[in-house]
Amino acid sequence: MPMFKLQMIIFSIFSGSSVCTFNLLTPTRPLVLGNNDSLQFAPYHTFYGLLEHHMKQNCLASEVNLWDQPLCVGPDHDSDHPVWQLLSPASFYTFSIPFLTEGPTKFNPYDLPSKYKKALSQRQKQIDVWQKMVKEASLSREQKKQFQGLVEQRFQDWLVESGNKREVDGLVIDVYKKKNKMTSLCTTVICKPLTPLSNVVCKLC
């Protein structure tokens with residue numbers, strides 16, 4: 001009886017997309033077809049409890065990631081005006097899933113490229129310095145309350161100015177709205193990956 005070996009081939013295909021950022025973990029080159037504009041590609045940036053289990057089920061390995069080698073196919077691609085670019089490390093943030101999930105995966109199994117790891121490390125150092133400065137200020141309870149209000153207001157202003165407010169509002173669950181915890185949810189769940197300033201709110205809450 002002849003023996004057959006089944007091989008799964010996984011493709012990331014992009015068509016008809018505009019002004020999108022894709023954080024990828026893919027063993028094959030992303031295929032960029034037609035009708036695309038202003039695409040950004042970045043390395044995979046999050047995890048959840050069963051991530052590695054699901055990766056194994058779908059024959060995905062963390063050792064191979066060709067996220068930064070898109071292959072453009074079709075007549076509407078112009079090398080002088082490409083429809084895609086790699087995300088700048090300065091704009092790279094990890095994504096924090098806003099709830100606990102069961103499973104053995106405790107961190108992103110994919111080892112980030114050095115320039116992206118460096119950007120995250122530098123940003124974390126800025127946060128640590130800022131938090132240390134606040135802690136050493138020895139603020140009274142009333143001063144902490146005033147300071148937290150100022151930081152939260154500046155964070156809300158930044159959300160509007162940066163265009164991120166709609167994304168934050170979309171993550172607010174109805175049950176939190178009923179309990180009047182919208183502001184708390186925004187600052188504790190969303191602020192950490194966004195700005196060093198807003199991270200302080202998380203520590204003061």
# chains A, B, ... in the order shown; residues from 1 in each chain; ligands from 1
$ residues_around --residues "range 60-71 of chain A" --least-positions-apart "5" --cutoff "12 Å" --atoms "only C-alpha atoms" --output "compact mmCIF listing (two decimals) with all heavy atoms, in the first residue's frame"
# COMPACT_ATOMS: atom_id res chain seq x y z
N MET A 8 0.85 20.61 4.92
CA MET A 8 -0.02 21.78 4.95
C MET A 8 0.79 23.02 4.58
O MET A 8 1.86 23.25 5.14
CB MET A 8 -0.64 21.97 6.33
CG MET A 8 -1.57 23.18 6.41
SD MET A 8 -2.28 23.40 8.07
CE MET A 8 -3.35 21.98 8.16
N ILE A 9 0.30 23.79 3.63
CA ILE A 9 0.95 25.03 3.22
C ILE A 9 0.07 26.19 3.65
O ILE A 9 -1.11 26.25 3.32
CB ILE A 9 1.19 25.07 1.71
CG1 ILE A 9 2.06 23.88 1.28
CG2 ILE A 9 1.88 26.38 1.32
CD1 ILE A 9 2.29 23.80 -0.20
N ILE A 10 0.65 27.10 4.40
CA ILE A 10 -0.10 28.23 4.95
C ILE A 10 0.29 29.51 4.24
O ILE A 10 1.48 29.81 4.09
CB ILE A 10 0.16 28.35 6.46
CG1 ILE A 10 -0.26 27.05 7.16
CG2 ILE A 10 -0.59 29.53 7.04
CD1 ILE A 10 0.10 27.01 8.62
N PHE A 11 -0.69 30.26 3.78
CA PHE A 11 -0.44 31.53 3.11
C PHE A 11 -1.16 32.66 3.83
O PHE A 11 -2.25 32.49 4.35
CB PHE A 11 -0.93 31.48 1.65
CG PHE A 11 -0.15 30.56 0.76
CD1 PHE A 11 -0.64 29.31 0.41
CD2 PHE A 11 1.08 30.94 0.25
CE1 PHE A 11 0.06 28.46 -0.41
CE2 PHE A 11 1.80 30.09 -0.57
CZ PHE A 11 1.29 28.86 -0.90
N SER A 12 -0.51 33.82 3.82
CA SER A 12 -1.16 35.06 4.26
C SER A 12 -1.40 35.89 3.00
O SER A 12 -0.45 36.30 2.34
CB SER A 12 -0.26 35.83 5.24
OG SER A 12 -0.01 35.06 6.40
N ILE A 13 -2.66 36.09 2.68
CA ILE A 13 -3.02 36.75 1.42
C ILE A 13 -3.75 38.06 1.72
O ILE A 13 -4.66 38.10 2.54
CB ILE A 13 -3.91 35.84 0.56
CG1 ILE A 13 -3.19 34.51 0.27
CG2 ILE A 13 -4.29 36.52 -0.75
CD1 ILE A 13 -4.03 33.50 -0.48
N PHE A 14 -3.33 39.12 1.04
CA PHE A 14 -3.90 40.45 1.27
C PHE A 14 -4.41 41.02 -0.05
O PHE A 14 -3.67 41.12 -1.03
CB PHE A 14 -2.86 41.37 1.89
CG PHE A 14 -2.27 40.83 3.16
CD1 PHE A 14 -1.13 40.04 3.12
CD2 PHE A 14 -2.88 41.06 4.38
CE1 PHE A 14 -0.60 39.52 4.28
CE2 PHE A 14 -2.37 40.54 5.54
CZ PHE A 14 -1.21 39.76 5.51
N THR A 21 -2.56 47.73 9.44
CA THR A 21 -1.32 47.20 9.99
C THR A 21 -1.55 45.74 10.35
O THR A 21 -2.52 45.41 11.04
CB THR A 21 -0.89 47.98 11.24
OG1 THR A 21 -0.65 49.35 10.89
CG2 THR A 21 0.40 47.40 11.82
N PHE A 22 -0.65 44.87 9.90
CA PHE A 22 -0.77 43.43 10.13
C PHE A 22 0.44 42.94 10.92
O PHE A 22 1.57 43.09 10.48
CB PHE A 22 -0.86 42.68 8.80
CG PHE A 22 -2.03 43.08 7.94
CD1 PHE A 22 -1.87 44.01 6.92
CD2 PHE A 22 -3.30 42.54 8.16
CE1 PHE A 22 -2.94 44.39 6.12
CE2 PHE A 22 -4.37 42.92 7.38
CZ PHE A 22 -4.20 43.84 6.36
N ASN A 23 0.17 42.38 12.10
CA ASN A 23 1.22 41.78 12.92
C ASN A 23 1.20 40.27 12.66
O ASN A 23 0.27 39.59 13.07
CB ASN A 23 0.99 42.07 14.40
CG ASN A 23 1.11 43.55 14.70
OD1 ASN A 23 0.19 44.33 14.45
ND2 ASN A 23 2.24 43.95 15.23
N LEU A 24 2.24 39.78 12.00
CA LEU A 24 2.18 38.44 11.43
C LEU A 24 3.17 37.46 12.06
O LEU A 24 4.27 37.84 12.48
CB LEU A 24 2.47 38.50 9.92
CG LEU A 24 1.57 39.40 9.07
CD1 LEU A 24 2.07 39.40 7.63
CD2 LEU A 24 0.13 38.95 9.14
N LEU A 25 2.74 36.21 12.08
CA LEU A 25 3.62 35.07 12.32
C LEU A 25 3.28 34.08 11.22
O LEU A 25 2.26 33.39 11.27
CB LEU A 25 3.38 34.45 13.70
CG LEU A 25 4.20 33.20 14.03
CD1 LEU A 25 5.69 33.45 13.89
CD2 LEU A 25 3.88 32.69 15.43
N THR A 26 4.10 34.03 10.17
CA THR A 26 3.78 33.25 8.98
C THR A 26 5.03 32.55 8.44
O THR A 26 6.09 33.17 8.32
CB THR A 26 3.16 34.13 7.88
OG1 THR A 26 3.02 33.36 6.67
CG2 THR A 26 4.01 35.35 7.61
N PRO A 27 4.92 31.26 8.11
CA PRO A 27 6.07 30.53 7.57
C PRO A 27 6.30 30.76 6.08
O PRO A 27 7.27 30.27 5.51
CB PRO A 27 5.69 29.07 7.84
CG PRO A 27 4.20 29.06 7.75
CD PRO A 27 3.76 30.38 8.33
N THR A 28 5.39 31.49 5.44
CA THR A 28 5.54 31.80 4.02
C THR A 28 5.47 33.30 3.81
O THR A 28 4.99 34.04 4.67
CB THR A 28 4.41 31.13 3.20
OG1 THR A 28 3.13 31.59 3.69
CG2 THR A 28 4.47 29.62 3.31
N ARG A 29 5.97 33.74 2.69
CA ARG A 29 5.96 35.18 2.39
C ARG A 29 4.51 35.68 2.23
O ARG A 29 3.71 35.03 1.54
CB ARG A 29 6.76 35.46 1.11
CG ARG A 29 8.22 35.10 1.20
CD ARG A 29 8.93 35.33 -0.11
NE ARG A 29 8.93 36.74 -0.47
CZ ARG A 29 9.45 37.20 -1.63
NH1 ARG A 29 9.95 36.36 -2.51
NH2 ARG A 29 9.43 38.50 -1.88
N PRO A 30 4.16 36.79 2.84
CA PRO A 30 2.81 37.34 2.64
C PRO A 30 2.58 37.68 1.17
O PRO A 30 3.43 38.32 0.54
CB PRO A 30 2.83 38.61 3.50
CG PRO A 30 3.93 38.41 4.48
CD PRO A 30 4.97 37.59 3.77
N LEU A 31 1.45 37.26 0.63
CA LEU A 31 1.10 37.55 -0.75
C LEU A 31 0.24 38.80 -0.81
O LEU A 31 -0.85 38.85 -0.27
CB LEU A 31 0.33 36.37 -1.36
CG LEU A 31 1.11 35.08 -1.60
CD1 LEU A 31 0.19 34.00 -2.15
CD2 LEU A 31 2.27 35.32 -2.55
N VAL A 32 0.77 39.82 -1.48
CA VAL A 32 0.05 41.08 -1.63
C VAL A 32 -0.51 41.12 -3.04
O VAL A 32 0.25 41.27 -4.01
CB VAL A 32 0.98 42.28 -1.37
CG1 VAL A 32 0.21 43.59 -1.52
CG2 VAL A 32 1.60 42.19 0.02
N LEU A 33 -1.82 40.99 -3.14
CA LEU A 33 -2.47 40.96 -4.45
C LEU A 33 -2.89 42.38 -4.86
O LEU A 33 -2.21 43.34 -4.53
CB LEU A 33 -3.65 39.99 -4.42
CG LEU A 33 -3.30 38.56 -3.99
CD1 LEU A 33 -4.53 37.67 -4.04
CD2 LEU A 33 -2.18 37.98 -4.85
N GLY A 34 -4.04 42.52 -5.51
CA GLY A 34 -4.43 43.82 -6.03
C GLY A 34 -5.31 44.63 -5.09
O GLY A 34 -5.79 44.15 -4.06
N LEU A 39 -0.37 49.62 3.34
CA LEU A 39 -0.29 48.49 4.26
C LEU A 39 1.00 48.56 5.07
O LEU A 39 2.03 48.98 4.56
CB LEU A 39 -0.32 47.16 3.50
CG LEU A 39 -1.48 46.93 2.54
CD1 LEU A 39 -1.39 45.51 1.96
CD2 LEU A 39 -2.82 47.14 3.21
N GLN A 40 0.93 48.16 6.33
CA GLN A 40 2.11 48.06 7.17
C GLN A 40 2.22 46.65 7.72
O GLN A 40 1.22 46.09 8.20
CB GLN A 40 2.05 49.06 8.34
CG GLN A 40 2.19 50.51 7.92
CD GLN A 40 2.40 51.41 9.12
OE1 GLN A 40 3.49 51.92 9.37
NE2 GLN A 40 1.37 51.63 9.89
N PHE A 41 3.43 46.09 7.66
CA PHE A 41 3.65 44.76 8.19
C PHE A 41 4.58 44.85 9.40
O PHE A 41 5.55 45.60 9.41
CB PHE A 41 4.27 43.85 7.12
CG PHE A 41 3.34 43.56 5.99
CD1 PHE A 41 3.49 44.18 4.76
CD2 PHE A 41 2.29 42.66 6.14
CE1 PHE A 41 2.63 43.93 3.71
CE2 PHE A 41 1.41 42.39 5.10
CZ PHE A 41 1.59 43.02 3.88
N ALA A 42 4.24 44.07 10.43
CA ALA A 42 5.01 44.07 11.67
C ALA A 42 5.04 42.65 12.23
O ALA A 42 4.21 41.81 11.87
CB ALA A 42 4.37 45.03 12.69
N PRO A 43 5.98 42.36 13.13
CA PRO A 43 6.04 41.02 13.72
C PRO A 43 4.89 40.77 14.69
O PRO A 43 4.30 41.72 15.23
CB PRO A 43 7.40 41.01 14.44
CG PRO A 43 7.69 42.45 14.71
CD PRO A 43 7.12 43.20 13.57
N TYR A 44 4.58 39.52 14.92
CA TYR A 44 3.51 39.12 15.83
C TYR A 44 3.79 39.68 17.22
O TYR A 44 4.94 39.68 17.67
CB TYR A 44 3.40 37.60 15.87
CG TYR A 44 2.17 37.10 16.57
CD1 TYR A 44 0.91 37.27 16.01
CD2 TYR A 44 2.26 36.46 17.80
CE1 TYR A 44 -0.22 36.81 16.65
CE2 TYR A 44 1.13 35.99 18.45
CZ TYR A 44 -0.11 36.18 17.87
OH TYR A 44 -1.24 35.73 18.51
N HIS A 45 2.75 40.12 17.94
CA HIS A 45 3.00 40.96 19.12
C HIS A 45 2.11 40.67 20.32
O HIS A 45 1.93 41.52 21.19
CB HIS A 45 2.85 42.42 18.73
CG HIS A 45 1.46 42.83 18.34
ND1 HIS A 45 0.53 41.96 17.84
CD2 HIS A 45 0.84 44.04 18.38
CE1 HIS A 45 -0.59 42.60 17.59
NE2 HIS A 45 -0.44 43.87 17.91
N LEU A 51 -2.21 29.70 22.93
CA LEU A 51 -1.61 30.07 21.65
C LEU A 51 -0.74 28.96 21.07
O LEU A 51 -0.90 28.57 19.91
CB LEU A 51 -0.79 31.36 21.81
CG LEU A 51 0.03 31.78 20.58
CD1 LEU A 51 -0.90 32.03 19.39
CD2 LEU A 51 0.86 33.01 20.88
N GLU A 52 0.21 28.45 21.85
CA GLU A 52 1.12 27.43 21.33
C GLU A 52 0.39 26.14 20.99
O GLU A 52 0.75 25.44 20.03
CB GLU A 52 2.23 27.18 22.34
CG GLU A 52 3.20 28.36 22.45
CD GLU A 52 4.18 28.22 23.59
OE1 GLU A 52 3.73 28.30 24.77
OE2 GLU A 52 5.37 28.03 23.32
N HIS A 53 -0.65 25.82 21.74
CA HIS A 53 -1.48 24.66 21.42
C HIS A 53 -2.16 24.83 20.07
O HIS A 53 -2.15 23.91 19.22
CB HIS A 53 -2.53 24.46 22.52
CG HIS A 53 -3.52 23.38 22.22
ND1 HIS A 53 -3.19 22.04 22.19
CD2 HIS A 53 -4.85 23.45 21.91
CE1 HIS A 53 -4.27 21.32 21.88
NE2 HIS A 53 -5.29 22.15 21.71
N HIS A 54 -2.71 26.00 19.83
CA HIS A 54 -3.36 26.27 18.55
C HIS A 54 -2.35 26.33 17.41
O HIS A 54 -2.64 25.90 16.29
CB HIS A 54 -4.15 27.58 18.63
CG HIS A 54 -5.33 27.50 19.54
ND1 HIS A 54 -5.88 28.62 20.15
CD2 HIS A 54 -6.07 26.44 19.95
CE1 HIS A 54 -6.92 28.23 20.88
NE2 HIS A 54 -7.04 26.93 20.79
N MET A 55 -1.16 26.84 17.69
CA MET A 55 -0.12 26.87 16.67
C MET A 55 0.27 25.46 16.25
O MET A 55 0.43 25.17 15.05
CB MET A 55 1.11 27.62 17.19
CG MET A 55 0.91 29.12 17.33
SD MET A 55 2.32 29.94 18.12
CE MET A 55 3.65 29.54 16.98
N HIS A 77 1.17 46.80 -9.23
CA HIS A 77 2.21 47.10 -8.26
C HIS A 77 3.31 47.94 -8.93
O HIS A 77 3.78 47.63 -10.02
CB HIS A 77 2.81 45.82 -7.67
CG HIS A 77 1.83 45.04 -6.86
ND1 HIS A 77 1.41 45.45 -5.61
CD2 HIS A 77 1.18 43.87 -7.11
CE1 HIS A 77 0.55 44.57 -5.13
NE2 HIS A 77 0.40 43.61 -6.02
N SER A 79 7.04 49.54 -8.15
CA SER A 79 8.17 49.50 -7.23
C SER A 79 8.56 50.89 -6.75
O SER A 79 9.14 51.04 -5.66
CB SER A 79 9.37 48.82 -7.90
OG SER A 79 9.74 49.51 -9.09
N PRO A 82 5.45 51.71 -3.66
CA PRO A 82 4.94 50.46 -3.09
C PRO A 82 3.72 50.69 -2.22
O PRO A 82 3.55 51.75 -1.61
CB PRO A 82 6.13 49.95 -2.25
CG PRO A 82 6.92 51.18 -1.93
CD PRO A 82 6.77 52.08 -3.12
N VAL A 83 2.87 49.68 -2.17
CA VAL A 83 1.63 49.78 -1.38
C VAL A 83 1.85 49.33 0.05
O VAL A 83 0.92 49.37 0.87
CB VAL A 83 0.51 48.93 -2.02
CG1 VAL A 83 0.17 49.43 -3.41
CG2 VAL A 83 0.88 47.46 -2.04
N TRP A 84 3.06 48.89 0.39
CA TRP A 84 3.32 48.39 1.73
C TRP A 84 4.65 48.94 2.25
O TRP A 84 5.51 49.37 1.49
CB TRP A 84 3.34 46.86 1.76
CG TRP A 84 4.50 46.28 0.99
CD1 TRP A 84 4.51 45.95 -0.34
CD2 TRP A 84 5.80 45.98 1.49
NE1 TRP A 84 5.74 45.46 -0.70
CE2 TRP A 84 6.56 45.47 0.42
CE3 TRP A 84 6.40 46.09 2.74
CZ2 TRP A 84 7.89 45.07 0.55
CZ3 TRP A 84 7.73 45.69 2.88
CH2 TRP A 84 8.46 45.19 1.80
N GLN A 85 4.78 48.87 3.57
CA GLN A 85 6.04 49.21 4.23
C GLN A 85 6.11 48.45 5.55
O GLN A 85 5.10 47.98 6.06
CB GLN A 85 6.15 50.71 4.48
CG GLN A 85 5.12 51.27 5.45
CD GLN A 85 5.30 52.75 5.69
OE1 GLN A 85 6.21 53.38 5.20
NE2 GLN A 85 4.40 53.32 6.49
N LEU A 86 7.32 48.35 6.10
CA LEU A 86 7.48 47.71 7.40
C LEU A 86 7.24 48.74 8.49
O LEU A 86 7.65 49.89 8.38
CB LEU A 86 8.90 47.13 7.54
CG LEU A 86 9.29 46.06 6.51
CD1 LEU A 86 10.69 45.53 6.82
CD2 LEU A 86 8.28 44.93 6.48
N LEU A 87 6.55 48.33 9.54
CA LEU A 87 6.25 49.22 10.64
C LEU A 87 7.52 49.67 11.33
O LEU A 87 8.42 48.86 11.62
CB LEU A 87 5.34 48.52 11.66
CG LEU A 87 4.88 49.36 12.85
CD1 LEU A 87 3.86 50.40 12.39
CD2 LEU A 87 4.26 48.46 13.92
N SER A 88 7.62 50.95 11.61
CA SER A 88 8.78 51.49 12.32
C SER A 88 8.82 50.94 13.73
O SER A 88 7.79 50.86 14.40
CB SER A 88 8.70 53.01 12.35
OG SER A 88 9.62 53.54 13.28
N ASN A 108 4.89 35.68 24.50
CA ASN A 108 4.92 35.52 23.05
C ASN A 108 6.02 34.51 22.68
O ASN A 108 7.19 34.74 22.96
CB ASN A 108 5.20 36.87 22.39
CG ASN A 108 5.12 36.81 20.87
OD1 ASN A 108 4.99 35.74 20.28
ND2 ASN A 108 5.22 37.97 20.24
N PRO A 109 5.67 33.38 22.06
CA PRO A 109 6.68 32.38 21.73
C PRO A 109 7.62 32.80 20.61
O PRO A 109 8.68 32.18 20.42
CB PRO A 109 5.84 31.16 21.31
CG PRO A 109 4.56 31.74 20.82
CD PRO A 109 4.32 32.95 21.69
N TYR A 110 7.25 33.83 19.88
CA TYR A 110 8.10 34.31 18.78
C TYR A 110 9.11 35.31 19.30
O TYR A 110 8.76 36.28 19.97
CB TYR A 110 7.23 34.95 17.69
CG TYR A 110 8.02 35.67 16.63
CD1 TYR A 110 8.92 34.98 15.82
CD2 TYR A 110 7.88 37.04 16.45
CE1 TYR A 110 9.66 35.64 14.86
CE2 TYR A 110 8.61 37.71 15.49
CZ TYR A 110 9.49 37.01 14.69
OH TYR A 110 10.23 37.67 13.74
N ASP A 111 10.36 35.09 19.00
CA ASP A 111 11.44 35.97 19.42
C ASP A 111 11.49 37.18 18.48
O ASP A 111 11.82 37.05 17.30
CB ASP A 111 12.77 35.23 19.40
CG ASP A 111 13.89 36.03 20.04
OD1 ASP A 111 13.58 36.93 20.85
OD2 ASP A 111 15.06 35.77 19.72
N LEU A 112 11.17 38.34 18.99
CA LEU A 112 11.10 39.54 18.16
C LEU A 112 12.46 39.90 17.56
O LEU A 112 13.50 39.64 18.17
CB LEU A 112 10.61 40.73 19.00
CG LEU A 112 9.16 40.71 19.46
CD1 LEU A 112 8.91 41.85 20.44
CD2 LEU A 112 8.22 40.83 18.27
N PRO A 113 12.46 40.52 16.39
CA PRO A 113 13.70 41.05 15.83
C PRO A 113 14.33 42.05 16.79
O PRO A 113 13.63 42.75 17.53
CB PRO A 113 13.24 41.73 14.52
CG PRO A 113 11.98 41.02 14.15
CD PRO A 113 11.32 40.68 15.46
$ closest_residue --among "A:Asn35, A:Ala137, A:Thr46, A:Asp78" --to "Phe92 in chain A" --atoms "only C-alpha atoms"
A:Thr46
$ select_by_dssp --residues "range 19-139 of chain A" --states "helix (DSSP H, G or I)" --output "ChimeraX atom specification"
/A:51-57,89-91,114-136
$ closest_residue --among "A:Asp37, A:Asp80, A:Glu161, A:Glu102" --to "Leu50 in chain A" --atoms "only C-alpha atoms"
A:Glu102
$ atom_distance --atom1 "CA of Trp158 in chain A" --atom2 "CA of Ser91 in chain A"
15.3 Å
$ atom_distance --atom1 "CA of Gln146 in chain A" --atom2 "CA of Asp169 in chain A"
24.5 Å
$ atom_distance --atom1 "CA of Val160 in chain A" --atom2 "CA of Ile127 in chain A"
21.8 Å
$ select_by_dssp --residues "range 28-170 of chain A" --states "strand (DSSP E or B)" --output "NGL selection string"
:A and (31-32 or 37-43 or 71-72 or 84-86)
